[in-house]
file protein.cif (mmCIF, C-alpha atoms)
data_entry
loop_
_atom_site.label_atom_id
_atom_site.label_comp_id
_atom_site.auth_asym_id
_atom_site.auth_seq_id
_atom_site.Cartn_x
_atom_site.Cartn_y
_atom_site.Cartn_z
CA MET A 1 -86.58 48.83 -62.09
CA THR A 2 -86.09 45.74 -64.20
CA ALA A 3 -83.90 42.92 -62.96
CA THR A 4 -81.67 43.32 -66.03
CA HIS A 5 -81.08 46.96 -65.23
CA ALA A 6 -80.17 46.14 -61.63
CA ALA A 7 -77.79 43.41 -62.77
CA GLN A 8 -76.26 45.88 -65.20
CA LEU A 9 -75.64 48.47 -62.49
CA VAL A 10 -73.98 45.88 -60.27
CA ASP A 11 -71.92 44.44 -63.13
CA GLU A 12 -70.67 47.87 -64.13
CA TYR A 13 -69.65 48.56 -60.57
CA LEU A 14 -67.79 45.25 -60.23
CA GLN A 15 -66.10 45.70 -63.61
CA ARG A 16 -64.85 49.12 -62.59
CA LEU A 17 -63.59 47.63 -59.36
CA GLU A 18 -61.77 44.87 -61.24
CA ARG A 19 -60.08 47.44 -63.48
CA GLU A 20 -58.99 49.48 -60.47
CA LEU A 21 -57.54 46.41 -58.79
CA THR A 22 -55.44 45.19 -61.74
CA ASP A 23 -52.11 45.90 -60.04
CA LEU A 24 -52.96 43.63 -57.11
CA SER A 25 -52.01 39.97 -56.93
CA PRO A 26 -54.73 37.77 -58.48
CA ASP A 27 -55.45 36.22 -55.08
CA SER A 28 -56.12 39.49 -53.29
CA ARG A 29 -58.03 40.86 -56.27
CA ASN A 30 -60.34 37.85 -56.47
CA GLU A 31 -60.86 37.83 -52.72
CA ILE A 32 -61.88 41.49 -52.60
CA ILE A 33 -64.15 41.29 -55.65
CA ASP A 34 -65.74 38.11 -54.36
CA GLU A 35 -66.42 39.63 -50.94
CA ILE A 36 -67.90 42.78 -52.43
CA ARG A 37 -70.07 40.76 -54.80
CA ARG A 38 -71.38 38.76 -51.82
CA HIS A 39 -71.90 41.95 -49.85
CA ILE A 40 -74.01 43.47 -52.64
CA ALA A 41 -76.06 40.29 -53.01
CA GLU A 42 -76.72 40.12 -49.31
CA GLU A 43 -77.63 43.79 -48.96
CA ARG A 44 -79.97 43.50 -51.95
CA GLY A 45 -81.63 40.54 -50.29
CA GLY A 46 -82.36 42.75 -47.29
CA LEU A 47 -84.01 45.50 -49.35
CA ALA A 48 -87.80 45.48 -48.94
CA ASP A 49 -88.33 47.30 -52.19
CA GLU A 50 -85.49 47.51 -54.64
CA SER A 51 -85.50 50.56 -56.87
CA ASP A 52 -82.84 52.28 -58.95
CA ALA A 53 -82.34 54.69 -56.09
CA THR A 54 -81.95 52.10 -53.32
CA LEU A 55 -79.48 50.10 -55.39
CA MET A 56 -77.52 53.22 -56.30
CA ASN A 57 -77.45 54.21 -52.64
CA LEU A 58 -76.15 50.77 -51.78
CA LEU A 59 -73.32 51.09 -54.31
CA GLU A 60 -72.59 54.62 -53.19
CA ARG A 61 -72.24 53.51 -49.58
CA LEU A 62 -69.74 50.91 -50.75
CA GLY A 63 -67.77 53.76 -52.23
CA ASP A 64 -65.87 54.57 -55.37
CA PRO A 65 -63.95 51.56 -56.76
CA GLY A 66 -60.90 53.81 -56.86
CA ASP A 67 -61.15 54.35 -53.08
CA ILE A 68 -61.48 50.62 -52.50
CA ALA A 69 -58.39 50.01 -54.67
CA ALA A 70 -56.49 52.68 -52.75
CA ALA A 71 -57.40 50.96 -49.49
CA ALA A 72 -56.22 47.67 -50.96
CA ARG A 73 -52.82 49.15 -51.71
CA GLY A 74 -52.82 50.64 -48.23
CA SER A 75 -49.45 50.99 -46.60
CA LYS A 76 -47.71 49.08 -49.37
CA LYS A 77 -45.35 51.37 -51.16
CA PRO A 78 -46.42 52.49 -54.60
CA ARG A 79 -44.79 50.67 -57.45
CA THR A 80 -42.60 53.62 -58.46
CA SER A 81 -40.35 52.90 -55.50
CA ILE A 82 -39.00 49.83 -57.29
CA ALA A 83 -37.57 52.05 -60.02
CA THR A 84 -35.60 54.13 -57.52
CA THR A 85 -33.87 51.19 -55.89
CA ARG A 86 -30.33 50.66 -57.10
CA ARG A 87 -29.64 48.19 -59.79
CA PHE A 88 -26.28 47.11 -61.05
CA GLY A 89 -25.09 44.93 -63.85
CA THR A 90 -22.11 44.15 -66.07
CA LEU A 91 -21.16 47.82 -66.37
CA GLU A 92 -20.61 48.23 -62.64
CA VAL A 93 -18.75 44.94 -62.24
CA LEU A 94 -16.49 45.81 -65.21
CA ALA A 95 -15.86 49.27 -63.78
CA LEU A 96 -14.67 47.76 -60.50
CA ILE A 97 -12.37 45.22 -62.20
CA LEU A 98 -10.90 47.77 -64.61
CA LEU A 99 -10.29 50.32 -61.85
CA VAL A 100 -7.64 47.85 -60.70
CA ALA A 101 -6.55 46.38 -64.04
CA ALA A 102 -6.80 49.32 -66.43
CA TRP A 103 -7.47 52.47 -64.45
CA PRO A 104 -8.43 55.03 -67.15
CA VAL A 105 -11.05 52.69 -68.64
CA GLY A 106 -12.33 51.76 -65.19
CA ALA A 107 -12.62 55.42 -64.19
CA ILE A 108 -14.59 56.22 -67.35
CA LEU A 109 -16.98 53.33 -66.70
CA LEU A 110 -17.31 54.51 -63.09
CA TRP A 111 -18.55 57.87 -64.31
CA VAL A 112 -20.75 56.36 -67.03
CA SER A 113 -22.62 54.22 -64.50
CA LYS A 114 -25.73 55.80 -62.99
CA THR A 115 -25.50 53.63 -59.92
CA TRP A 116 -22.96 55.51 -57.84
CA THR A 117 -23.43 59.02 -56.52
CA THR A 118 -21.14 61.83 -57.65
CA ARG A 119 -19.44 61.80 -54.25
CA GLU A 120 -18.71 58.09 -54.55
CA LYS A 121 -17.42 58.57 -58.11
CA LEU A 122 -15.09 61.36 -56.99
CA LEU A 123 -13.74 59.22 -54.16
CA GLY A 124 -13.34 56.28 -56.52
CA THR A 125 -11.41 58.39 -59.00
CA LEU A 126 -9.15 60.27 -56.60
CA ILE A 127 -8.24 57.53 -54.13
CA PRO A 128 -5.74 56.73 -55.33
CA PRO A 129 -5.33 58.90 -58.44
CA GLY A 130 -4.53 56.69 -61.38
CA GLY A 131 -5.20 53.41 -59.64
CA TYR A 132 -2.28 51.02 -59.37
CA ALA A 133 -0.54 52.73 -62.29
CA GLY A 134 -0.69 55.96 -60.29
CA VAL A 135 0.53 54.22 -57.15
CA LEU A 136 3.52 52.71 -58.99
CA LEU A 137 4.32 56.06 -60.57
CA ILE A 138 4.37 57.71 -57.16
CA MET A 139 6.46 54.90 -55.69
CA SER A 140 8.98 55.16 -58.55
CA THR A 141 9.90 58.62 -57.25
CA PHE A 142 10.78 57.21 -53.84
CA HIS A 143 14.33 56.16 -54.81
CA TRP A 144 15.17 59.83 -55.47
CA ILE A 145 14.10 60.61 -51.93
CA THR A 146 15.99 57.67 -50.38
CA THR A 147 19.08 58.53 -52.36
CA ALA A 148 18.86 62.09 -51.10
CA SER A 149 18.27 61.00 -47.47
CA GLU A 150 21.24 58.65 -47.50
CA ALA A 151 23.44 61.70 -47.74
CA GLY A 152 22.17 62.96 -44.36
CA PRO A 153 22.58 61.50 -40.82
CA ALA A 154 21.54 57.90 -40.15
CA TRP A 155 18.36 58.79 -38.19
CA VAL A 156 17.00 60.84 -41.14
CA ASP A 157 17.65 57.92 -43.44
CA VAL A 158 15.78 55.53 -41.09
CA THR A 159 12.84 57.90 -40.58
CA VAL A 160 12.43 58.59 -44.29
CA GLY A 161 12.61 54.87 -44.95
CA ALA A 162 9.87 54.15 -42.39
CA VAL A 163 7.59 56.93 -43.71
CA LEU A 164 7.99 55.79 -47.30
CA PHE A 165 7.32 52.21 -46.29
CA THR A 166 4.07 53.24 -44.60
CA ILE A 167 3.01 55.35 -47.57
CA SER A 168 3.73 52.44 -49.92
CA LEU A 169 1.71 50.08 -47.78
CA VAL A 170 -1.28 52.44 -47.65
CA ALA A 171 -0.98 53.18 -51.36
CA LEU A 172 -1.00 49.49 -52.19
CA ILE A 173 -4.03 48.76 -50.00
CA ALA A 174 -6.00 51.89 -50.99
CA PRO A 175 -7.14 50.79 -54.47
CA VAL A 176 -8.42 47.46 -53.16
CA GLY A 177 -10.07 49.24 -50.23
CA MET A 178 -11.77 51.65 -52.60
CA ILE A 179 -13.05 48.80 -54.80
CA VAL A 180 -14.50 47.11 -51.72
CA TYR A 181 -16.11 50.41 -50.66
CA LEU A 182 -17.66 51.00 -54.10
CA ALA A 183 -18.90 47.41 -54.17
CA THR A 184 -20.60 47.80 -50.78
CA ARG A 185 -22.27 50.99 -52.04
CA LEU A 186 -23.76 48.87 -54.82
CA ARG A 187 -25.41 46.64 -52.27
CA ALA A 188 -26.24 49.42 -49.82
CA ARG A 189 -29.49 50.51 -51.42
CA MET B 1 -55.30 71.56 -43.61
CA PRO B 2 -58.96 71.51 -44.71
CA ILE B 3 -61.19 69.96 -42.07
CA ASP B 4 -62.43 67.22 -44.47
CA GLY B 5 -58.86 66.06 -45.01
CA LEU B 6 -58.35 66.07 -41.27
CA ALA B 7 -61.24 63.68 -40.65
CA THR B 8 -59.94 61.36 -43.38
CA GLN B 9 -56.47 61.33 -41.86
CA LEU B 10 -57.83 60.61 -38.41
CA ARG B 11 -60.01 57.77 -39.68
CA LYS B 12 -57.15 56.24 -41.61
CA GLY B 13 -55.05 55.86 -38.50
CA VAL B 14 -57.67 54.17 -36.35
CA ILE B 15 -60.05 52.23 -38.60
CA GLU B 16 -57.84 49.16 -38.81
CA TYR B 17 -57.72 48.86 -35.01
CA CYS B 18 -61.44 49.52 -34.64
CA VAL B 19 -62.13 46.63 -36.99
CA LEU B 20 -59.70 44.40 -35.11
CA ALA B 21 -61.32 45.37 -31.80
CA MET B 22 -64.75 44.44 -33.19
CA LEU B 23 -63.46 40.93 -33.85
CA LYS B 24 -62.25 40.58 -30.30
CA GLU B 25 -65.37 39.04 -28.75
CA MET B 26 -66.29 36.78 -31.65
CA PRO B 27 -65.59 36.10 -35.30
CA ARG B 28 -67.65 38.24 -37.64
CA TYR B 29 -68.21 38.51 -41.39
CA GLY B 30 -67.46 41.62 -43.42
CA GLY B 31 -71.05 42.81 -43.73
CA GLU B 32 -71.48 42.55 -39.97
CA VAL B 33 -68.37 44.65 -39.34
CA ILE B 34 -69.69 47.24 -41.78
CA GLN B 35 -73.09 47.34 -40.05
CA MET B 36 -71.41 47.86 -36.69
CA LEU B 37 -69.28 50.66 -38.08
CA ARG B 38 -72.32 52.22 -39.72
CA ALA B 39 -74.16 52.19 -36.38
CA ARG B 40 -71.27 54.08 -34.82
CA GLY B 41 -71.39 56.96 -37.25
CA GLU B 42 -68.44 58.70 -38.73
CA LEU B 43 -65.84 55.95 -38.76
CA VAL B 44 -66.01 54.89 -42.38
CA VAL B 45 -67.08 56.70 -45.53
CA SER B 46 -66.65 54.12 -48.28
CA GLU B 47 -67.90 50.90 -46.70
CA GLY B 48 -66.33 48.80 -49.45
CA THR B 49 -62.86 49.73 -48.22
CA ILE B 50 -63.40 47.39 -45.25
CA TYR B 51 -62.96 44.36 -47.52
CA PRO B 52 -59.45 45.20 -48.78
CA LEU B 53 -58.62 46.14 -45.20
CA LEU B 54 -59.73 42.72 -43.93
CA SER B 55 -57.89 41.03 -46.77
CA ARG B 56 -54.70 42.90 -45.96
CA MET B 57 -54.99 42.13 -42.25
CA ARG B 58 -55.35 38.48 -43.16
CA SER B 59 -52.18 38.51 -45.26
CA GLU B 60 -50.42 40.27 -42.38
CA GLY B 61 -51.58 37.50 -40.06
CA LEU B 62 -53.68 39.75 -37.81
CA VAL B 63 -56.87 37.85 -38.59
CA GLU B 64 -57.72 34.32 -39.67
CA THR B 65 -60.71 33.36 -41.77
CA GLU B 66 -63.14 30.51 -42.14
CA TRP B 67 -66.24 29.96 -44.25
CA ARG B 68 -69.49 29.38 -42.43
CA ASP B 69 -72.85 28.31 -43.82
CA THR B 70 -75.77 30.65 -43.33
CA PRO B 71 -79.31 29.33 -43.13
CA GLY B 72 -80.87 29.80 -46.55
CA GLY B 73 -78.04 31.93 -47.88
CA ALA B 74 -74.60 31.83 -49.42
CA PRO B 75 -71.71 30.92 -47.10
CA ARG B 76 -69.94 33.84 -45.43
CA ARG B 77 -66.28 34.37 -44.75
CA TYR B 78 -65.80 34.96 -41.04
CA TYR B 79 -62.80 36.84 -39.68
CA ARG B 80 -61.29 35.86 -36.35
CA LEU B 81 -58.59 37.69 -34.41
CA SER B 82 -55.24 35.87 -34.42
CA ARG B 83 -52.77 35.95 -31.57
CA SER B 84 -50.79 38.77 -33.16
CA GLY B 85 -54.08 40.55 -33.87
CA GLN B 86 -54.92 40.40 -30.16
CA LYS B 87 -51.51 41.83 -29.38
CA ALA B 88 -52.04 44.65 -31.87
CA VAL B 89 -55.41 45.54 -30.34
CA ALA B 90 -53.97 45.62 -26.82
CA GLN B 91 -51.06 47.77 -27.95
CA PHE B 92 -53.34 50.20 -29.75
CA ARG B 93 -55.66 50.39 -26.75
CA ASP B 94 -52.86 51.51 -24.42
CA GLU B 95 -51.44 53.90 -26.98
CA TRP B 96 -54.83 55.34 -27.79
CA PHE B 97 -55.84 56.05 -24.18
CA ARG B 98 -52.56 57.82 -23.51
CA PHE B 99 -52.87 59.80 -26.72
CA ARG B 100 -56.52 60.66 -26.13
CA ASP B 101 -55.83 61.79 -22.56
CA SER B 102 -53.05 64.11 -23.71
CA VAL B 103 -55.18 65.67 -26.43
CA ASP B 104 -58.21 65.92 -24.11
CA SER B 105 -56.22 67.63 -21.41
CA ILE B 106 -55.05 70.27 -23.85
CA PHE B 107 -58.50 70.91 -25.27
CA ARG B 108 -60.34 70.84 -21.95
CA ASN B 109 -57.97 72.71 -19.70
CA GLY B 110 -55.91 74.71 -22.13
CA VAL B 111 -52.17 74.93 -21.76
CA LYS B 112 -51.61 76.63 -18.41
CA PRO B 113 -48.11 76.13 -17.08
#
call {"tool": "encode", "arguments": {"input": "protein.cif", "output": "structure tokens"}}
result
Amino acid sequence: MTATHAAQLVDEYLQRLERELTDLSPDSRNEIIDEIRRHIAEERGGLADESDATLMNLLERLGDPGDIAAAARGSKKPRTSIATTRRFGTLEVLALILLVAAWPVGAILLWVSKTWTTREKLLGTLIPPGGYAGVLLIMSTFHWITTASEAGPAWVDVTVGAVLFTISLVALIAPVGMIVYLATRLRAR
Amino acid sequence: MPIDGLATQLRKGVIEYCVLAMLKEMPRYGGEVIQMLRARGELVVSEGTIYPLLSRMRSEGLVETEWRDTPGGAPRRYYRLSRSGQKAVAQFRDEWFRFRDSVDSIFRNGVKP
């Protein structure tokens, strides 16, 4: 075998290795290629009689560049996992603000966003229905109830008053609570 | 599972610790580790995979490296076990003996109640 042919075999091998390692950081890539180049040089130095066959055996023992690249990636997660992590941007922030400020628009944006799960979207839409507008609408019916209860005995009036007060309190906190919940879901994954 | 795949899976789990264990007595260079593995048979198929393995163990802090001159040759990168590498070897050793004993006892004695 001519020296040029040997050099060609080795070069081809190292070039294939370099191509297979492109997704590694330059530091790791250079380190691995450098070590393998040294390994080949050293093993060749130890060969009593270098022929095509002995050199090819040497490269075959090293293994397929694809296998070496796979070992380099090792336990690190494949790159596709980055795409499945949650991302959020202006759309999600707007959705959260408008759920409070302008409920119908906020609800639409909530459903347009691909960031929340369907379950989270349902919760966000239904608790409370209509956002603050919905809450105020519900609370506006309360005076009918209080008027009606005033007609009855005093204890009924007091009980109804207490229940309505509690409902109002919960209804006023619920939208803010839901926004906080949806926001934490954004950061959860 | 085909038996070839089985051997690959088994190797994958242990090779890293075998390499670490080989660095326990003294620092060694990659080619030396490969020769030792070769002498012990079936542990590694593609010898070149040892280099990315060593590189990864270095970035994980399990080994440290230094260049050393060789008489009449190019300098070699030597790998030395770090403190956390020593810990990993010791942990694997315990785990492995327990694991091996359990498997051995099943295959030697069967599963009599």
call {"tool": "resolve_selection", "arguments": {"input": "protein.cif", "expression": "the PyMOL selection byres ((chain A) within 10 of (chain B))", "output": "mmCIF file with C-alpha atoms, keeping the file's coordinate frame"}}
result
data_model
loop_
_atom_site.group_PDB
_atom_site.id
_atom_site.type_symbol
_atom_site.label_atom_id
_atom_site.label_comp_id
_atom_site.auth_asym_id
_atom_site.auth_seq_id
_atom_site.Cartn_x
_atom_site.Cartn_y
_atom_site.Cartn_z
ATOM 1 C CA ASP A 27 -55.450 36.220 -55.080
ATOM 2 C CA SER A 28 -56.120 39.490 -53.290
ATOM 3 C CA ARG A 29 -58.030 40.860 -56.270
ATOM 4 C CA GLU A 31 -60.860 37.830 -52.720
ATOM 5 C CA ILE A 32 -61.880 41.490 -52.600
ATOM 6 C CA ILE A 33 -64.150 41.290 -55.650
ATOM 7 C CA ASP A 34 -65.740 38.110 -54.360
ATOM 8 C CA GLU A 35 -66.420 39.630 -50.940
ATOM 9 C CA ILE A 36 -67.900 42.780 -52.430
ATOM 10 C CA ARG A 38 -71.380 38.760 -51.820
ATOM 11 C CA HIS A 39 -71.900 41.950 -49.850
ATOM 12 C CA ILE A 40 -74.010 43.470 -52.640
ATOM 13 C CA ALA A 41 -76.060 40.290 -53.010
ATOM 14 C CA GLU A 42 -76.720 40.120 -49.310
ATOM 15 C CA GLU A 43 -77.630 43.790 -48.960
ATOM 16 C CA GLY A 45 -81.630 40.540 -50.290
ATOM 17 C CA LEU A 58 -76.150 50.770 -51.780
ATOM 18 C CA LEU A 59 -73.320 51.090 -54.310
ATOM 19 C CA GLU A 60 -72.590 54.620 -53.190
ATOM 20 C CA ARG A 61 -72.240 53.510 -49.580
ATOM 21 C CA LEU A 62 -69.740 50.910 -50.750
ATOM 22 C CA GLY A 63 -67.770 53.760 -52.230
ATOM 23 C CA ASP A 64 -65.870 54.570 -55.370
ATOM 24 C CA PRO A 65 -63.950 51.560 -56.760
ATOM 25 C CA GLY A 66 -60.900 53.810 -56.860
ATOM 26 C CA ASP A 67 -61.150 54.350 -53.080
ATOM 27 C CA ILE A 68 -61.480 50.620 -52.500
ATOM 28 C CA ALA A 69 -58.390 50.010 -54.670
ATOM 29 C CA ALA A 70 -56.490 52.680 -52.750
ATOM 30 C CA ALA A 71 -57.400 50.960 -49.490
ATOM 31 C CA ALA A 72 -56.220 47.670 -50.960
ATOM 32 C CA ARG A 73 -52.820 49.150 -51.710
ATOM 33 C CA GLY A 74 -52.820 50.640 -48.230
ATOM 34 C CA SER A 75 -49.450 50.990 -46.600
ATOM 35 C CA LYS A 76 -47.710 49.080 -49.370
#
call {"tool": "closest_residue", "arguments": {"input": "protein.cif", "among": "A:Leu110, A:Glu12, A:Glu18, A:Ala171", "to": "Phe88 (chain A)", "atoms": "all atoms listed in the file"}}
result
A:Leu110
call {"tool": "atom_distance", "arguments": {"input": "protein.cif", "atom1": "CA of Tyr78 (chain B)", "atom2": "CA of Glu64 (chain B)"}}
result
8.2 Å
call {"tool": "resolve_selection", "arguments": {"input": "protein.cif", "expression": "the PyMOL selection byres ((chain A and resi 4-10) around 9)", "output": "ChimeraX atom specification"}}
result
/A:1-3,11-15,37,40,50-52,55-56,59
call {"tool": "residues_near_point", "arguments": {"input": "protein.cif", "point": "(13.5, 57.6, -49.1)", "cutoff": "9 Å", "atoms": "only C-alpha atoms", "output": "VMD selection string"}}
result
chain A and resid 141 to 150 157 to 165
call {"tool": "closest_atom_pairs", "arguments": {"input": "protein.cif", "of": "region 14-62 of chain B", "to": "region 90-109 of chain B", "cutoff": "12 Å", "atoms": "only C-alpha atoms", "output": "tab-separated table"}}
result
residue	atom	partner	partner_atom	distance
B:Val14	CA	B:Phe92	CA	8.8
B:Ile15	CA	B:Phe92	CA	11.3
B:Glu16	CA	B:Phe92	CA	10.2
B:Tyr17	CA	B:Phe92	CA	7.0
B:Cys18	CA	B:Phe92	CA	9.5
B:Val19	CA	B:Phe92	CA	11.9
B:Leu20	CA	B:Phe92	CA	10.1
B:Ala21	CA	B:Ala90	CA	8.9
B:Lys24	CA	B:Ala90	CA	10.3
call {"tool": "residues_around", "arguments": {"input": "protein.cif", "residues": "Leu91 (chain A)", "least_positions_apart": "6", "cutoff": "12 Å", "atoms": "all atoms listed in the file", "output": "PDB file with C-alpha atoms, keeping the file's coordinate frame"}}
result
ATOM      1  CA  ILE A  97     -12.370  45.220 -62.200  1.00  0.00           C
ATOM      2  CA  LEU A  98     -10.900  47.770 -64.610  1.00  0.00           C
ATOM      3  CA  VAL A 105     -11.050  52.690 -68.640  1.00  0.00           C
ATOM      4  CA  GLY A 106     -12.330  51.760 -65.190  1.00  0.00           C
ATOM      5  CA  ALA A 107     -12.620  55.420 -64.190  1.00  0.00           C
ATOM      6  CA  ILE A 108     -14.590  56.220 -67.350  1.00  0.00           C
ATOM      7  CA  LEU A 109     -16.980  53.330 -66.700  1.00  0.00           C
ATOM      8  CA  LEU A 110     -17.310  54.510 -63.090  1.00  0.00           C
ATOM      9  CA  TRP A 111     -18.550  57.870 -64.310  1.00  0.00           C
ATOM     10  CA  VAL A 112     -20.750  56.360 -67.030  1.00  0.00           C
ATOM     11  CA  SER A 113     -22.620  54.220 -64.500  1.00  0.00           C
ATOM     12  CA  LYS A 114     -25.730  55.800 -62.990  1.00  0.00           C
ATOM     13  CA  THR A 115     -25.500  53.630 -59.920  1.00  0.00           C
ATOM     14  CA  TRP A 116     -22.960  55.510 -57.840  1.00  0.00           C
ATOM     15  CA  LEU A 186     -23.760  48.870 -54.820  1.00  0.00           C
TER      16      LEU A 186
END
call {"tool": "atom_distance", "arguments": {"input": "protein.cif", "atom1": "CA of Pro128 (chain A)", "atom2": "CA of Ile173 (chain A)"}}
result
9.7 Å
call {"tool": "atom_distance", "arguments": {"input": "protein.cif", "atom1": "CA of Glu120 (chain A)", "atom2": "CA of Pro104 (chain A)"}}
result
16.5 Å
call {"tool": "decode", "arguments": {"input": "protein.cif", "residues": "region 3-75 of chain B", "atoms": "C-alpha atoms", "output": "JSON list (two decimals), in the first residue's frame"}}
result
[["chain", "number", "residue", "atom", "x", "y", "z"],
["B", 3, "ILE", "CA", -29.34, -11.79, 22.18],
["B", 4, "ASP", "CA", -27.06, -9.31, 20.31],
["B", 5, "GLY", "CA", -29.12, -6.41, 21.62],
["B", 6, "LEU", "CA", -28.91, -7.89, 25.09],
["B", 7, "ALA", "CA", -25.10, -7.90, 25.08],
["B", 8, "THR", "CA", -25.07, -4.29, 23.86],
["B", 9, "GLN", "CA", -27.44, -3.21, 26.61],
["B", 10, "LEU", "CA", -25.40, -4.98, 29.26],
["B", 11, "ARG", "CA", -22.15, -3.43, 28.02],
["B", 12, "LYS", "CA", -23.67, 0.03, 27.93],
["B", 13, "GLY", "CA", -24.51, -0.07, 31.60],
["B", 14, "VAL", "CA", -21.12, -1.16, 32.85],
["B", 15, "ILE", "CA", -18.45, 0.08, 30.44],
["B", 16, "GLU", "CA", -18.22, 3.53, 31.99],
["B", 17, "TYR", "CA", -17.51, 2.05, 35.43],
["B", 18, "CYS", "CA", -15.04, -0.48, 34.05],
["B", 19, "VAL", "CA", -13.08, 2.36, 32.49],
["B", 20, "LEU", "CA", -13.21, 4.34, 35.72],
["B", 21, "ALA", "CA", -12.05, 1.28, 37.68],
["B", 22, "MET", "CA", -9.09, 0.87, 35.32],
["B", 23, "LEU", "CA", -7.96, 4.39, 36.22],
["B", 24, "LYS", "CA", -8.08, 3.60, 39.90],
["B", 25, "GLU", "CA", -4.49, 2.43, 40.38],
["B", 26, "MET", "CA", -2.83, 4.95, 38.09],
["B", 27, "PRO", "CA", -3.53, 7.49, 35.37],
["B", 28, "ARG", "CA", -3.70, 5.97, 31.91],
["B", 29, "TYR", "CA", -4.06, 7.23, 28.35],
["B", 30, "GLY", "CA", -6.92, 6.28, 26.05],
["B", 31, "GLY", "CA", -5.00, 3.74, 23.99],
["B", 32, "GLU", "CA", -3.90, 1.98, 27.15],
["B", 33, "VAL", "CA", -7.48, 1.72, 28.42],
["B", 34, "ILE", "CA", -8.50, 0.31, 25.05],
["B", 35, "GLN", "CA", -5.71, -2.29, 25.13],
["B", 36, "MET", "CA", -6.76, -3.37, 28.61],
["B", 37, "LEU", "CA", -10.38, -3.68, 27.53],
["B", 38, "ARG", "CA", -9.32, -5.60, 24.43],
["B", 39, "ALA", "CA", -7.36, -8.05, 26.59],
["B", 40, "ARG", "CA", -10.49, -8.69, 28.63],
["B", 41, "GLY", "CA", -12.61, -9.72, 25.69],
["B", 42, "GLU", "CA", -16.19, -8.81, 25.14],
["B", 43, "LEU", "CA", -16.43, -5.48, 26.92],
["B", 44, "VAL", "CA", -16.22, -3.12, 23.99],
["B", 45, "VAL", "CA", -17.07, -3.52, 20.31],
["B", 46, "SER", "CA", -16.21, -0.15, 18.79],
["B", 47, "GLU", "CA", -12.98, 0.83, 20.51],
["B", 48, "GLY", "CA", -13.28, 4.42, 19.32],
["B", 49, "THR", "CA", -16.31, 4.93, 21.58],
["B", 50, "ILE", "CA", -13.94, 4.99, 24.57],
["B", 51, "TYR", "CA", -12.73, 8.46, 23.59],
["B", 52, "PRO", "CA", -16.12, 10.22, 23.70],
["B", 53, "LEU", "CA", -16.77, 8.30, 26.91],
["B", 54, "LEU", "CA", -13.56, 9.63, 28.48],
["B", 55, "SER", "CA", -14.34, 13.11, 27.22],
["B", 56, "ARG", "CA", -17.82, 12.98, 28.73],
["B", 57, "MET", "CA", -16.51, 11.68, 32.05],
["B", 58, "ARG", "CA", -14.09, 14.58, 32.09],
["B", 59, "SER", "CA", -16.85, 17.13, 31.55],
["B", 60, "GLU", "CA", -18.82, 15.41, 34.31],
["B", 61, "GLY", "CA", -15.81, 15.77, 36.60],
["B", 62, "LEU", "CA", -15.28, 12.03, 37.09],
["B", 63, "VAL", "CA", -11.79, 12.15, 35.62],
["B", 64, "GLU", "CA", -9.09, 14.79, 35.28],
["B", 65, "THR", "CA", -6.56, 14.94, 32.48],
["B", 66, "GLU", "CA", -2.97, 15.96, 31.93],
["B", 67, "TRP", "CA", -0.62, 15.77, 28.97],
["B", 68, "ARG", "CA", 2.51, 13.70, 29.37],
["B", 69, "ASP", "CA", 5.50, 13.42, 27.07],
["B", 70, "THR", "CA", 6.32, 10.02, 25.67],
["B", 71, "PRO", "CA", 9.87, 9.09, 24.75],
["B", 72, "GLY", "CA", 10.20, 9.55, 21.00],
["B", 73, "GLY", "CA", 6.50, 10.04, 20.42],
["B", 74, "ALA", "CA", 3.70, 12.57, 20.53],
["B", 75, "PRO", "CA", 2.46, 13.62, 23.98]]
